[in-house]
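A.B. asks: Pasting my_file_27.cif below, which is mmCIF, C-alpha atoms.
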data_coords
loop_
_atom_site.label_atom_id
_atom_site.label_comp_id
_atom_site.auth_asym_id
_atom_site.auth_seq_id
_atom_site.Cartn_x
_atom_site.Cartn_y
_atom_site.Cartn_z
CA MET D 1 26.64 -25.00 -11.04
CA GLU D 2 25.38 -24.97 -7.44
CA THR D 3 21.65 -25.55 -7.14
CA HIS D 4 19.32 -23.81 -4.72
CA ALA D 5 16.06 -25.49 -5.66
CA ASP D 6 14.41 -24.71 -2.33
CA ALA D 7 15.47 -21.07 -2.17
CA VAL D 8 13.62 -18.04 -3.50
CA LEU D 9 15.93 -15.60 -5.27
CA ILE D 10 15.17 -11.92 -4.71
CA VAL D 11 16.45 -9.56 -7.41
CA GLY D 12 16.51 -5.78 -7.07
CA GLU D 13 18.08 -2.76 -5.43
CA ILE D 14 19.17 -2.30 -1.84
CA VAL D 15 18.64 1.21 -0.54
CA VAL D 16 18.82 3.04 2.75
CA ASP D 17 15.39 4.10 4.02
CA PHE D 18 15.46 7.28 6.07
CA THR D 19 12.11 8.06 7.66
CA LEU D 20 11.95 11.72 8.59
CA PRO D 21 11.02 12.52 12.19
CA GLN D 22 7.28 12.70 12.85
CA GLN D 23 5.20 14.33 15.55
CA LYS D 24 4.68 11.00 17.32
CA ALA D 25 7.80 9.13 16.20
CA GLU D 26 11.53 9.61 15.90
CA SER D 27 13.41 9.31 12.64
CA LYS D 28 14.39 5.79 11.58
CA LEU D 29 17.24 4.53 9.41
CA ARG D 30 17.29 0.97 8.05
CA LEU D 31 18.21 -1.06 5.01
CA GLY D 32 15.36 -1.05 2.51
CA GLY D 33 14.62 -2.02 -1.07
CA ILE D 34 14.71 -5.80 -1.42
CA VAL D 35 15.86 -6.11 2.19
CA HIS D 36 12.20 -5.70 3.15
CA ALA D 37 11.33 -8.80 1.12
CA ALA D 38 14.27 -10.62 2.69
CA ARG D 39 13.04 -9.84 6.21
CA GLY D 40 9.63 -11.22 5.30
CA LEU D 41 11.07 -14.50 4.02
CA TRP D 42 13.33 -14.83 7.05
CA ALA D 43 10.38 -14.24 9.36
CA ALA D 44 8.37 -16.90 7.51
CA GLY D 45 11.23 -19.41 7.75
CA VAL D 46 11.71 -19.54 3.97
CA PRO D 47 15.20 -20.13 2.52
CA TYR D 48 16.22 -17.34 0.15
CA ALA D 49 19.09 -15.74 -1.69
CA VAL D 50 19.68 -12.22 -2.99
CA ALA D 51 20.94 -10.77 -6.27
CA ALA D 52 21.46 -7.12 -5.41
CA PHE D 53 22.21 -3.82 -7.07
CA CYS D 54 23.66 -1.39 -4.54
CA PRO D 55 26.48 1.12 -4.07
CA LYS D 56 29.85 -0.26 -3.05
CA TYR D 57 29.64 1.35 0.38
CA LEU D 58 26.48 -0.67 1.16
CA GLU D 59 27.66 -4.03 -0.16
CA GLY D 60 29.53 -5.22 2.92
CA GLU D 61 26.93 -4.09 5.44
CA ALA D 62 24.08 -5.56 3.38
CA ARG D 63 25.91 -8.85 3.02
CA ARG D 64 26.49 -9.09 6.78
CA TYR D 65 22.97 -8.05 7.72
CA LEU D 66 21.31 -10.49 5.33
CA ALA D 67 23.58 -13.35 6.38
CA ALA D 68 22.38 -12.79 9.93
CA HIS D 69 18.80 -12.97 8.68
CA GLY D 70 18.81 -16.23 6.79
CA CYS D 71 20.25 -15.31 3.41
CA GLN D 72 21.90 -18.39 1.84
CA GLU D 73 23.79 -16.56 -0.91
CA PHE D 74 24.47 -12.89 -1.61
CA HIS D 75 25.23 -11.97 -5.22
CA TRP D 76 26.41 -8.40 -5.80
CA VAL D 77 25.14 -7.98 -9.34
CA GLY D 78 25.66 -4.30 -9.97
CA ASP D 79 27.17 -1.15 -8.50
CA ILE D 80 25.24 2.10 -8.26
CA VAL D 81 27.25 5.26 -8.81
CA GLY D 82 26.42 8.94 -8.77
CA ALA D 83 23.81 8.62 -6.01
CA PRO D 84 23.83 7.21 -2.47
CA ASN D 85 20.65 5.11 -2.94
CA VAL D 86 19.10 6.81 0.07
CA VAL D 87 15.34 7.33 0.09
CA ALA D 88 13.83 9.96 2.38
CA ILE D 89 10.30 9.10 3.48
CA VAL D 90 7.83 11.72 4.69
CA ASP D 91 4.83 9.55 5.64
CA PRO D 92 5.75 5.99 6.68
CA THR D 93 2.12 5.10 7.45
CA GLU D 94 0.82 5.96 3.95
CA VAL D 95 -2.13 7.92 5.23
CA SER D 96 -1.59 9.75 1.96
CA HIS D 97 1.26 9.87 -0.54
CA GLN D 98 4.40 8.70 1.23
CA GLY D 99 6.55 11.45 -0.22
CA TYR D 100 9.48 9.28 -1.29
CA GLU D 101 12.54 11.27 -2.30
CA ASP D 102 15.32 9.23 -3.92
CA LEU D 103 18.32 11.47 -3.28
CA LEU D 104 20.27 12.51 -6.41
CA ARG D 105 18.18 10.14 -8.52
CA GLN D 106 18.90 12.22 -11.64
CA CYS D 107 22.59 11.37 -11.29
CA LYS D 108 22.08 7.69 -10.58
CA GLN D 109 23.72 5.09 -12.83
CA VAL D 110 23.73 1.30 -12.58
CA VAL D 111 26.93 -0.50 -13.57
CA VAL D 112 26.53 -4.26 -13.98
CA ARG D 113 29.54 -6.08 -12.58
CA GLU D 114 31.65 -8.36 -14.75
CA PRO D 115 31.60 -11.25 -14.90
CA ALA D 116 27.88 -11.56 -14.14
CA PRO D 117 27.08 -14.08 -11.41
CA ASP D 118 25.81 -17.51 -12.34
CA LEU D 119 22.16 -17.61 -11.23
CA ARG D 120 21.18 -20.84 -12.96
CA GLY D 121 20.73 -22.69 -9.68
CA TYR D 122 17.50 -20.82 -8.85
CA SER D 123 14.17 -22.01 -10.17
CA ARG D 124 11.90 -19.44 -8.53
CA VAL D 125 12.77 -15.76 -8.81
CA VAL D 126 10.95 -12.65 -7.58
CA VAL D 127 12.09 -9.46 -9.26
CA PHE D 128 11.59 -5.88 -8.10
CA PRO D 129 12.35 -3.92 -11.29
CA GLY D 130 14.25 -0.66 -11.02
CA LYS D 131 16.61 1.46 -13.07
CA TYR D 132 18.67 -1.57 -14.01
CA ASP D 133 18.27 -3.63 -17.20
CA MET D 134 16.67 -6.89 -16.13
CA GLY D 135 16.73 -8.19 -19.71
CA GLY D 136 20.52 -8.11 -19.63
CA LEU D 137 20.50 -10.69 -16.83
CA ARG D 138 18.17 -13.13 -18.56
CA ASP D 139 20.95 -15.40 -19.83
CA GLN D 140 22.30 -15.83 -16.28
CA PHE D 141 19.21 -17.88 -15.33
CA SER D 142 18.33 -21.42 -16.31
CA LEU D 143 15.69 -21.93 -18.99
CA ASP D 144 13.27 -23.47 -16.48
CA ALA D 145 13.48 -20.58 -14.01
CA LYS D 146 10.09 -18.97 -13.29
CA PHE D 147 9.76 -15.25 -12.58
CA THR D 148 7.43 -13.03 -10.60
CA PHE D 149 7.60 -9.28 -11.15
CA ASP D 150 6.52 -6.78 -8.52
CA VAL D 151 6.17 -3.63 -10.58
CA ALA D 152 6.45 -0.48 -8.47
CA TYR D 153 7.76 3.04 -9.02
CA ASP D 154 10.34 2.87 -11.79
CA VAL D 155 8.29 1.03 -14.42
CA ASP D 156 5.62 2.71 -16.57
CA SER D 157 5.36 -0.10 -19.13
CA LEU D 158 5.77 -3.87 -19.17
CA ALA D 159 7.55 -3.72 -22.54
CA SER D 160 10.95 -4.01 -20.83
CA LEU D 161 9.88 -7.36 -19.36
CA GLN D 162 8.88 -8.94 -22.67
CA PRO D 163 12.07 -11.07 -22.78
CA PHE D 164 10.44 -13.02 -19.91
CA GLN D 165 7.17 -13.60 -21.73
CA ALA D 166 5.93 -17.16 -21.08
CA ARG D 167 8.48 -17.51 -18.25
CA THR D 168 6.45 -15.34 -15.91
CA GLU D 169 4.46 -16.92 -13.10
CA ALA D 170 2.91 -13.81 -11.60
CA VAL D 171 2.74 -10.06 -12.01
CA ILE D 172 2.12 -7.93 -8.92
CA LEU D 173 1.15 -4.29 -8.78
CA SER D 174 0.09 -1.81 -6.13
CA THR D 175 -2.45 0.95 -6.56
CA SER D 176 0.37 3.38 -5.73
CA SER D 177 2.47 2.32 -8.73
CA ILE D 178 3.05 4.40 -11.86
CA LEU D 179 1.74 1.65 -14.12
CA PHE D 180 -1.51 1.40 -12.17
CA ALA D 181 -2.04 5.16 -12.37
CA ALA D 182 -1.47 5.06 -16.14
CA LEU D 183 -3.62 2.04 -16.98
CA GLY D 184 -5.76 0.93 -14.08
CA ALA D 185 -7.03 3.93 -12.14
CA ASP D 186 -10.43 3.98 -13.87
CA SER D 187 -10.82 0.31 -14.76
CA VAL D 188 -8.85 -2.84 -14.11
CA ASP D 189 -9.46 -4.19 -17.63
CA PRO D 190 -6.71 -2.25 -19.50
CA LEU D 191 -4.29 -3.23 -16.78
CA ILE D 192 -5.13 -6.90 -17.06
CA ALA D 193 -4.77 -6.67 -20.84
CA GLU D 194 -1.26 -5.26 -20.39
CA VAL D 195 -0.33 -7.89 -17.82
CA THR D 196 -1.59 -10.69 -20.06
CA THR D 197 1.12 -9.86 -22.63
CA LEU D 198 3.60 -11.57 -20.28
CA SER D 199 1.40 -14.72 -20.09
CA PRO D 200 1.51 -15.08 -16.29
CA GLU D 201 -0.64 -17.49 -14.34
CA VAL D 202 -1.91 -14.87 -11.93
CA PHE D 203 -2.04 -11.12 -11.39
CA LEU D 204 -2.14 -9.67 -7.87
CA LEU D 205 -3.41 -6.13 -7.30
CA LYS D 206 -2.54 -4.80 -3.85
CA GLU D 207 -5.11 -2.17 -2.87
CA ASN D 208 -3.66 -0.86 0.36
CA ARG D 209 -6.17 -0.77 3.24
CA GLY D 210 -8.91 -2.09 1.00
CA GLY D 211 -7.31 -5.54 0.68
CA SER D 212 -6.09 -7.14 -2.53
CA ARG D 213 -7.42 -9.05 -5.51
CA LEU D 214 -5.84 -12.14 -7.03
CA PHE D 215 -6.82 -12.59 -10.67
CA ASP D 216 -6.28 -16.13 -11.95
CA LEU D 217 -5.65 -15.55 -15.65
CA ARG D 218 -6.01 -19.26 -16.39
CA ASP D 219 -9.67 -19.59 -15.45
CA GLY D 220 -10.82 -16.00 -14.89
CA SER D 221 -11.53 -16.43 -11.17
CA VAL D 222 -10.92 -13.62 -8.68
CA GLU D 223 -10.03 -14.08 -5.01
CA GLU D 224 -10.59 -11.08 -2.74
CA ILE D 225 -8.18 -11.07 0.18
CA PRO D 226 -9.25 -8.66 2.93
CA ALA D 227 -7.07 -6.26 4.83
CA THR D 228 -6.79 -6.56 8.59
CA LEU D 229 -6.73 -2.98 9.74
CA GLY D 230 -4.96 -1.84 12.88
CA GLU D 231 -2.42 0.75 13.90
CA THR D 232 0.10 1.22 11.11
CA VAL D 233 3.60 1.60 12.51
CA ASN D 234 5.43 1.67 9.18
CA SER D 235 4.02 0.72 5.79
CA VAL D 236 7.33 0.99 3.90
CA GLY D 237 8.21 -2.36 2.34
CA VAL D 238 4.93 -4.01 3.32
CA GLY D 239 4.06 -4.75 -0.31
CA ASP D 240 7.51 -6.26 -0.93
CA VAL D 241 6.98 -8.68 1.94
CA TYR D 242 3.57 -9.62 0.54
CA SER D 243 5.07 -10.42 -2.87
CA ALA D 244 8.06 -12.41 -1.66
CA VAL D 245 6.11 -14.57 0.78
CA MET D 246 3.41 -15.20 -1.80
CA VAL D 247 6.00 -16.49 -4.26
CA ALA D 248 7.54 -18.68 -1.56
CA TYR D 249 4.19 -20.41 -0.93
CA ALA D 250 3.17 -20.76 -4.59
CA GLU D 251 3.64 -24.55 -4.48
CA ARG D 252 0.56 -24.70 -2.24
CA GLY D 253 -1.52 -22.92 -4.89
CA TRP D 254 -1.76 -19.23 -5.61
CA VAL D 255 -4.81 -18.64 -3.42
CA GLU D 256 -3.17 -19.89 -0.23
CA ALA D 257 0.07 -18.21 -1.28
CA ALA D 258 -1.65 -14.83 -1.53
CA TRP D 259 -3.29 -15.25 1.87
CA ARG D 260 0.09 -16.09 3.44
CA GLY D 261 1.69 -13.10 1.77
CA CYS D 262 -1.08 -10.88 3.10
CA GLN D 263 -0.60 -12.25 6.63
CA ALA D 264 3.12 -11.53 6.59
CA ALA D 265 2.55 -8.04 5.17
CA THR D 266 -0.01 -7.26 7.86
CA VAL D 267 2.46 -8.10 10.60
CA TYR D 268 5.22 -6.16 8.82
CA ALA D 269 3.09 -3.00 8.96
CA GLN D 270 2.79 -3.32 12.73
CA THR D 271 6.44 -3.50 13.78
CA THR D 272 9.92 -2.53 12.64
CA TYR D 273 11.63 -5.01 14.99
CA PRO D 274 12.69 -8.20 13.18
CA ASP D 275 12.40 -10.58 16.14
CA ASP D 276 8.85 -9.44 16.86
CA LEU D 277 8.09 -9.79 13.16
CA ARG D 278 9.32 -13.39 13.05
CA ARG D 279 7.41 -14.37 16.19
CA ASP D 280 4.12 -12.89 15.02
CA VAL D 281 4.36 -14.14 11.42
CA ARG D 282 4.95 -17.73 12.50
CA ARG D 283 2.19 -17.48 15.06
CA SER D 284 -0.28 -16.20 12.47
CA PHE D 285 0.67 -18.95 10.00
CA ALA D 286 -0.78 -21.51 12.42
CA LEU D 287 -4.22 -20.55 11.09
CA THR D 288 -5.60 -22.32 8.03
CA VAL D 289 -6.89 -20.37 5.05
CA GLY D 290 -10.40 -21.47 5.99
CA GLU D 291 -9.95 -20.03 9.44
CA LEU D 292 -8.56 -16.82 7.97
CA ARG D 293 -11.61 -16.44 5.76
CA GLY D 294 -13.80 -16.89 8.81
CA LEU D 295 -12.07 -14.02 10.58
CA GLY D 296 -13.25 -11.59 7.90
CA GLY D 297 -11.57 -8.27 7.31
CA THR D 298 -11.95 -5.19 5.15
CA ARG D 299 -12.68 -5.65 1.44
CA LEU D 300 -12.99 -2.42 -0.49
CA PRO D 301 -11.44 -2.64 -3.96
CA TRP D 302 -10.09 0.55 -5.48
CA HIS D 303 -12.66 0.61 -8.28
CA ASP D 304 -15.63 0.27 -5.90
CA ARG D 305 -14.72 3.26 -3.76
CA GLN D 306 -16.16 5.82 -6.18
CA ARG D 307 -19.58 4.17 -5.79
CA PHE D 308 -19.92 5.81 -2.39
CA SER D 309 -19.85 9.51 -1.63
CA ILE D 310 -18.43 11.03 1.55
CA TYR D 311 -19.80 14.31 2.88
CA LEU D 312 -17.02 16.50 4.26
CA ALA D 313 -18.30 18.22 7.38
CA GLY D 314 -15.91 20.89 8.59
CA PRO D 315 -15.04 24.59 8.45
CA ASP D 316 -13.78 24.34 4.88
CA PHE D 317 -13.71 28.12 4.52
CA SER D 318 -11.08 30.14 2.70
CA TYR D 319 -10.46 32.32 5.76
CA VAL D 320 -9.94 29.45 8.26
CA HIS D 321 -6.52 27.99 9.10
CA LYS D 322 -7.31 24.31 8.55
CA PRO D 323 -4.18 22.24 7.78
CA GLU D 324 -5.72 19.16 9.44
CA LEU D 325 -8.78 19.38 7.21
CA ASP D 326 -6.65 19.79 4.09
CA ARG D 327 -4.54 16.81 5.15
CA ALA D 328 -7.66 14.67 5.64
CA VAL D 329 -9.01 15.58 2.20
CA GLU D 330 -5.63 14.78 0.64
CA SER D 331 -5.70 11.39 2.36
CA LEU D 332 -9.22 10.52 1.22
CA VAL D 333 -8.56 11.56 -2.37
CA TYR D 334 -5.25 9.64 -2.41
CA HIS D 335 -7.18 6.49 -1.55
CA ASN D 336 -9.71 7.14 -4.34
CA PHE D 337 -12.66 8.13 -2.18
CA ARG D 338 -15.34 10.38 -3.61
CA VAL D 339 -15.30 13.43 -1.34
CA ARG D 340 -18.15 15.93 -1.55
CA ARG D 341 -17.21 19.35 -0.16
CA PRO D 342 -20.42 21.34 0.39
CA ILE D 343 -18.72 24.71 0.81
CA GLN D 344 -16.91 24.27 -2.50
CA GLU D 345 -19.91 22.82 -4.31
CA ASN D 346 -22.62 25.11 -2.96
CA GLY D 347 -20.55 28.22 -2.48
CA GLU D 348 -18.96 30.05 0.42
CA LEU D 349 -21.32 32.58 1.97
CA PRO D 350 -20.16 36.17 2.29
CA LYS D 351 -20.06 37.89 5.65
CA PRO D 352 -22.64 39.05 6.46
CA ALA D 353 -24.99 36.82 4.42
CA SER D 354 -28.58 37.62 3.62
CA ASP D 355 -31.39 35.54 5.07
CA GLY D 356 -32.19 34.24 1.60
CA ASP D 357 -28.60 33.12 0.97
CA LEU D 358 -28.47 31.40 4.36
CA ARG D 359 -31.66 29.43 3.71
CA ARG D 360 -30.64 28.51 0.17
CA THR D 361 -27.23 27.22 1.28
CA TYR D 362 -28.78 25.36 4.21
CA ARG D 363 -31.20 23.60 1.86
CA LEU D 364 -28.47 22.66 -0.62
CA ASP D 365 -26.13 21.41 2.10
CA CYS D 366 -28.92 19.30 3.65
CA GLN D 367 -29.74 17.78 0.27
CA LEU D 368 -26.09 16.92 -0.30
CA LEU D 369 -25.70 15.41 3.16
CA LYS D 370 -28.77 13.20 2.64
CA ALA D 371 -27.48 12.08 -0.75
CA CYS D 372 -24.10 11.00 0.61
CA ASP D 373 -23.37 7.56 2.03
CA ALA D 374 -21.08 8.55 4.90
CA ILE D 375 -19.83 11.65 6.68
CA PHE D 376 -16.24 12.52 7.46
CA ALA D 377 -16.34 15.27 10.07
CA ILE D 378 -13.52 17.56 11.20
CA PRO D 379 -15.04 19.91 13.81
CA LEU D 380 -12.12 22.31 14.17
CA GLU D 381 -12.65 24.99 16.82
CA ARG D 382 -15.94 23.28 17.72
CA ASP D 383 -17.43 24.61 14.53
CA PRO D 384 -21.19 24.73 15.22
CA GLY D 385 -22.20 23.93 11.63
CA THR D 386 -20.05 20.81 11.66
CA LEU D 387 -21.54 19.65 14.98
CA VAL D 388 -25.06 20.13 13.60
CA GLU D 389 -24.12 18.10 10.51
CA ILE D 390 -22.78 15.33 12.73
CA GLY D 391 -26.08 15.25 14.58
CA MET D 392 -28.11 15.21 11.37
CA ALA D 393 -26.03 12.34 9.96
CA ILE D 394 -26.43 10.33 13.17
CA GLY D 395 -30.19 10.91 13.00
CA LEU D 396 -30.23 9.70 9.39
CA GLY D 397 -28.41 6.52 10.39
CA LYS D 398 -25.34 7.27 8.27
CA PRO D 399 -21.86 6.25 9.38
CA VAL D 400 -19.97 9.19 10.85
CA ILE D 401 -16.19 9.27 11.07
CA THR D 402 -15.10 12.14 13.31
CA PHE D 403 -11.51 13.31 13.08
CA ASP D 404 -10.83 15.61 16.04
CA PRO D 405 -7.11 16.42 15.71
CA ARG D 406 -7.17 19.12 18.39
CA ASN D 407 -9.19 17.07 20.93
CA GLU D 408 -11.82 19.79 21.17
CA ASN D 409 -15.01 17.72 20.88
CA ASN D 410 -14.58 14.75 23.18
CA ASN D 411 -18.14 14.80 24.48
CA THR D 412 -20.69 12.01 24.84
CA MET D 413 -22.84 12.76 21.79
CA VAL D 414 -19.96 13.15 19.35
CA ILE D 415 -17.96 10.18 20.61
CA ALA D 416 -20.81 7.72 21.07
CA GLY D 417 -22.66 8.85 17.95
CA SER D 418 -19.67 8.44 15.64
CA SER D 419 -18.72 5.15 14.05
CA VAL D 420 -15.14 6.20 14.71
CA TYR D 421 -13.95 9.13 16.80
CA SER D 422 -10.21 9.83 17.01
CA ALA D 423 -7.53 12.51 16.96
CA ASP D 424 -5.48 10.14 14.78
CA LEU D 425 -6.02 10.41 11.01
CA ASP D 426 -4.71 6.87 10.55
CA ALA D 427 -7.52 5.50 12.76
CA CYS D 428 -10.11 7.65 10.98
CA LEU D 429 -8.90 6.45 7.59
CA ASN D 430 -9.25 2.85 8.75
CA GLY D 431 -12.74 3.69 9.97
CA THR D 432 -13.66 5.08 6.57
CA PHE D 433 -12.50 1.90 4.86
CA ASP D 434 -14.46 -0.23 7.32
CA ALA D 435 -17.65 1.83 7.02
CA LEU D 436 -17.71 1.79 3.21
CA ALA D 437 -16.73 -1.89 3.08
CA LYS D 438 -19.84 -2.64 5.15
CA LEU D 439 -21.96 -0.50 2.82
CA ARG D 440 -20.52 -2.41 -0.15
CA ILE D 441 -21.66 -5.70 1.42
CA ALA D 442 -25.07 -4.27 2.27
CA THR D 443 -25.64 -3.03 -1.28
CA ALA D 444 -24.23 -6.07 -3.09
#
What would you get if you wrote out this structure as structure tokens?
C.D. replies:
Amino acid sequence: METHADAVLIVGEIVVDFTLPQQKAESKLRLGGIVHAARGLWAAGVPYAVAAFCPKYLEGEARRYLAAHGCQEFHWVGDIVGAPNVVAIVDPTEVSHQGYEDLLRQCKQVVVREPAPDLRGYSRVVVFPGKYDMGGLRDQFSLDAKFTFDVAYDVDSLASLQPFQARTEAVILSTSSILFAALGADSVDPLIAEVTTLSPEVFLLKENRGGSRLFDLRDGSVEEIPATLGETVNSVGVGDVYSAVMVAYAERGWVEAAWRGCQAATVYAQTTYPDDLRRDVRRSFALTVGELRGLGGTRLPWHDRQRFSIYLAGPDFSYVHKPELDRAVESLVYHNFRVRRPIQENGELPKPASDGDLRRTYRLDCQLLKACDAIFAIPLERDPGTLVEIGMAIGLGKPVITFDPRNENNNTMVIAGSSVYSADLDACLNGTFDALAKLRIATA
């Protein structure tokens, strides 16, 4: 048995990511699945190996690509038949739901190769569960191997991982996962109770642009790790990088490990070029955890977002063509923000409206605006009501995020009065996270 005591073993599927062409970006094709985690470890200078499930046609290319990016050993564990393992991606920046489409997923079958590879030389294993039976591989590992599970889209229960109970170091989830939606959307407590059945040391909850929380299940402590928000080039695989790098640094303690994973993930979101990734990850790792804490960042846990209400200022009328407004609302709701839509709540006025109806609606809208904590404005076609609401919110000292997708309102009062003004929804979403994170600190 060959030993790889210093190498992290990554277990999971290799897919082809196909990002559909966007208005500001061309389509992109690259190896995905656990290859994202592999890129992160290579960039961090961490030795690693791969145990992969992938179609035969991908095996050779994946083996060559990973060998060129630091992979010590490539184990082809299982073939995938009936489907190409190609994932089409609509929104690579995750402004809202990414729109993953696993082509022919209904026809997909995993065939474990025989004989199974000997994986007993690996002591630290990070697993990305999928449609394969992880329990069937348990006997291929040594009894002292420790496992971390990053539970994403194909797992709605941890019951399938029970064979690894007491051999699990960490469980990692994202707020976009099926399991989180089923158990943790309203409260983290049921989720932690489920995770505890595997007896891990820690549980990491990745909360997208709001940062992440590391729950130490040994002593009950919680470490909040902030997000560093900037332009998102491609968010696909960012969470996988976080998980793999965190596991690689676990010997330094889970707190530092989580911070390092977050650093690598942040860089991964900002480039799709491996050499740039490696340069920037290693540069960022020169900072100590203490220095990282001093830099600050955005902390806005999923379950705190509903504490704050966002007034939607915009022509939210049934007769207006407003795809940008609808997209912005979809984005805010996807990220668990509490959006108050005055036209929907207080009613849409008929045309023409009576003086009494106008004054009643004005009063109700003003009351709602004053009651909200922030304003997200979309002044399509220079809507006069929206511009008045922006001015009122500025006068009340409330943070105003102005999304101007058609570049119609780039004037001094709107730009300078807004906390964030942009034609880019990604920038406005970041501004919303920042504004409410500051309110969370102020009201703590």
A.B. asks: Point out the residue among D:Pro21, D:Pro274, D:Gly33, D:Pro350 with the least atom-to-atom distance to Asp91 of chain D, counting all atoms listed in the file.
C.D. replies: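 Under the stated criterion, the closest residue is D:Pro21.
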A.B. asks: Quick one: contact table of segment 43-86 of chain D to segment 129-141 of chain D, 12 Å max, nearest atom pair and distance in Å to one decimal per residue, counting only C-alpha atoms, chain and number order, as CSV?
C.D. replies:
residue,atom,partner,partner_atom,distance
D:Ala51,CA,D:Leu137,CA,10.6
D:Ala52,CA,D:Tyr132,CA,10.6
D:Phe53,CA,D:Tyr132,CA,8.1
D:Cys54,CA,D:Tyr132,CA,10.7
D:Val77,CA,D:Leu137,CA,9.2
D:Gly78,CA,D:Tyr132,CA,8.5
D:Asp79,CA,D:Tyr132,CA,10.1
D:Ile80,CA,D:Tyr132,CA,9.5
D:Asn85,CA,D:Lys131,CA,11.5
A.B. asks: Quick check on the file I pasted: which residues fall under the PyMOL selection byres ((chain D and resi 116-125) around 10)? Write them as a PyMOL selection string.
C.D. replies: chain D and resi 1-11+48-51+75-78+112-115+126-128+136-149+168-169+244+247-248+250
A.B. asks: Please indicate the distance in Å from atom CA of Pro323 of chain D to atom CA of Tyr362 of chain D, rounded to one decimal place.
C.D. replies: 25.1 Å
A.B. asks: Do a neighbour search on segment 62-65 of chain D at 10 Å with all atoms listed in the file, toss out local chain neighbours closer than 4 positions, and write the hits as a PyMOL selection string.
C.D. replies: chain D and resi 14-15+31-32+35+50+52+54+57-58+69-71+73-76
A.B. asks: Using the chain letters and numbers from this file, what does the PyMOL selection byres ((chain D and resi 277-288) around 9) select? Give the answer as a CSV table (one decimal) with C-alpha atoms, in the coordinates of the input.
C.D. replies:
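Below is the file that was written, out25.csv:
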chain,number,residue,atom,x,y,z
D,39,ARG,CA,13.0,-9.8,6.2
D,40,GLY,CA,9.6,-11.2,5.3
D,42,TRP,CA,13.3,-14.8,7.0
D,43,ALA,CA,10.4,-14.2,9.4
D,44,ALA,CA,8.4,-16.9,7.5
D,45,GLY,CA,11.2,-19.4,7.8
D,256,GLU,CA,-3.2,-19.9,-0.2
D,260,ARG,CA,0.1,-16.1,3.4
D,263,GLN,CA,-0.6,-12.2,6.6
D,264,ALA,CA,3.1,-11.5,6.6
D,265,ALA,CA,2.6,-8.0,5.2
D,266,THR,CA,0.0,-7.3,7.9
D,267,VAL,CA,2.5,-8.1,10.6
D,268,TYR,CA,5.2,-6.2,8.8
D,270,GLN,CA,2.8,-3.3,12.7
D,271,THR,CA,6.4,-3.5,13.8
D,272,THR,CA,9.9,-2.5,12.6
D,273,TYR,CA,11.6,-5.0,15.0
D,274,PRO,CA,12.7,-8.2,13.2
D,275,ASP,CA,12.4,-10.6,16.1
D,276,ASP,CA,8.8,-9.4,16.9
D,289,VAL,CA,-6.9,-20.4,5.0
D,290,GLY,CA,-10.4,-21.5,6.0
D,291,GLU,CA,-10.0,-20.0,9.4
D,292,LEU,CA,-8.6,-16.8,8.0
D,293,ARG,CA,-11.6,-16.4,5.8
A.B. asks: Measuring atom to atom with only C-alpha atoms, identify which of D:Ala444, D:Gly237, D:Val255, D:Pro47 is nearest to Asp216 of chain D.
C.D. replies: D:Val255
A.B. asks: Out of D:Thr361, D:Thr298, D:Gln22, D:Thr386, which residue has the shortest atom-to-atom distance to Leu229 of chain D when counting only C-alpha atoms?
C.D. replies: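 Looking only at the distances to Leu229 of chain D, the closest residue turns out to be D:Thr298.
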A.B. asks: In Å, rounded to a single decimal, give me how far atom CA of Ser174 of chain D is from atom CA of Pro190 of chain D.
C.D. replies: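 Here the two named atoms are 15.0 Å from each other.
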A.B. asks: Name the residues captured by the PyMOL selection byres ((chain D and resi 200) around 9) when it is applied to the shown file; answer as a ChimeraX atom specification.
C.D. replies: /D:148,165-171,195-199,201-203,216-218
A.B. asks: Taking (24.4, 14.3, -7.9) in the file's own coordinates, collect the residues within 12 Å, counting all atoms listed in the file, and hand them back as number ranges by chain.
C.D. replies: D: 81-85, 102-109
A.B. asks: Do you know which residues are at most 10 Å from Ser157 of chain D counting all atoms listed in the file, after dropping those on the same chain fewer than 6 positions away, and could you put them as a PyMOL selection string?
C.D. replies: chain D and resi 151+178-180+182-183+194-195
A.B. asks: Using the partial input, fill out segment 39-44 of chain D with N, CA and C atoms; write the result as a short mmCIF file (atom, residue, chain, number, x, y, z; two decimals), in the coordinates of the input.
C.D. replies:
data_model
loop_
_atom_site.label_atom_id
_atom_site.label_comp_id
_atom_site.auth_asym_id
_atom_site.auth_seq_id
_atom_site.Cartn_x
_atom_site.Cartn_y
_atom_site.Cartn_z
N ARG D 39 13.52 -9.72 4.82
CA ARG D 39 13.04 -9.84 6.21
C ARG D 39 11.76 -10.67 6.28
N GLY D 40 10.88 -10.46 5.31
CA GLY D 40 9.63 -11.22 5.30
C GLY D 40 9.87 -12.71 5.13
N LEU D 41 10.78 -13.08 4.23
CA LEU D 41 11.07 -14.50 4.02
C LEU D 41 11.76 -15.10 5.24
N TRP D 42 12.67 -14.36 5.83
CA TRP D 42 13.33 -14.83 7.05
C TRP D 42 12.31 -15.05 8.16
N ALA D 43 11.39 -14.11 8.32
CA ALA D 43 10.38 -14.24 9.36
C ALA D 43 9.49 -15.45 9.13
N ALA D 44 9.22 -15.76 7.85
CA ALA D 44 8.37 -16.90 7.51
C ALA D 44 9.13 -18.22 7.52
#
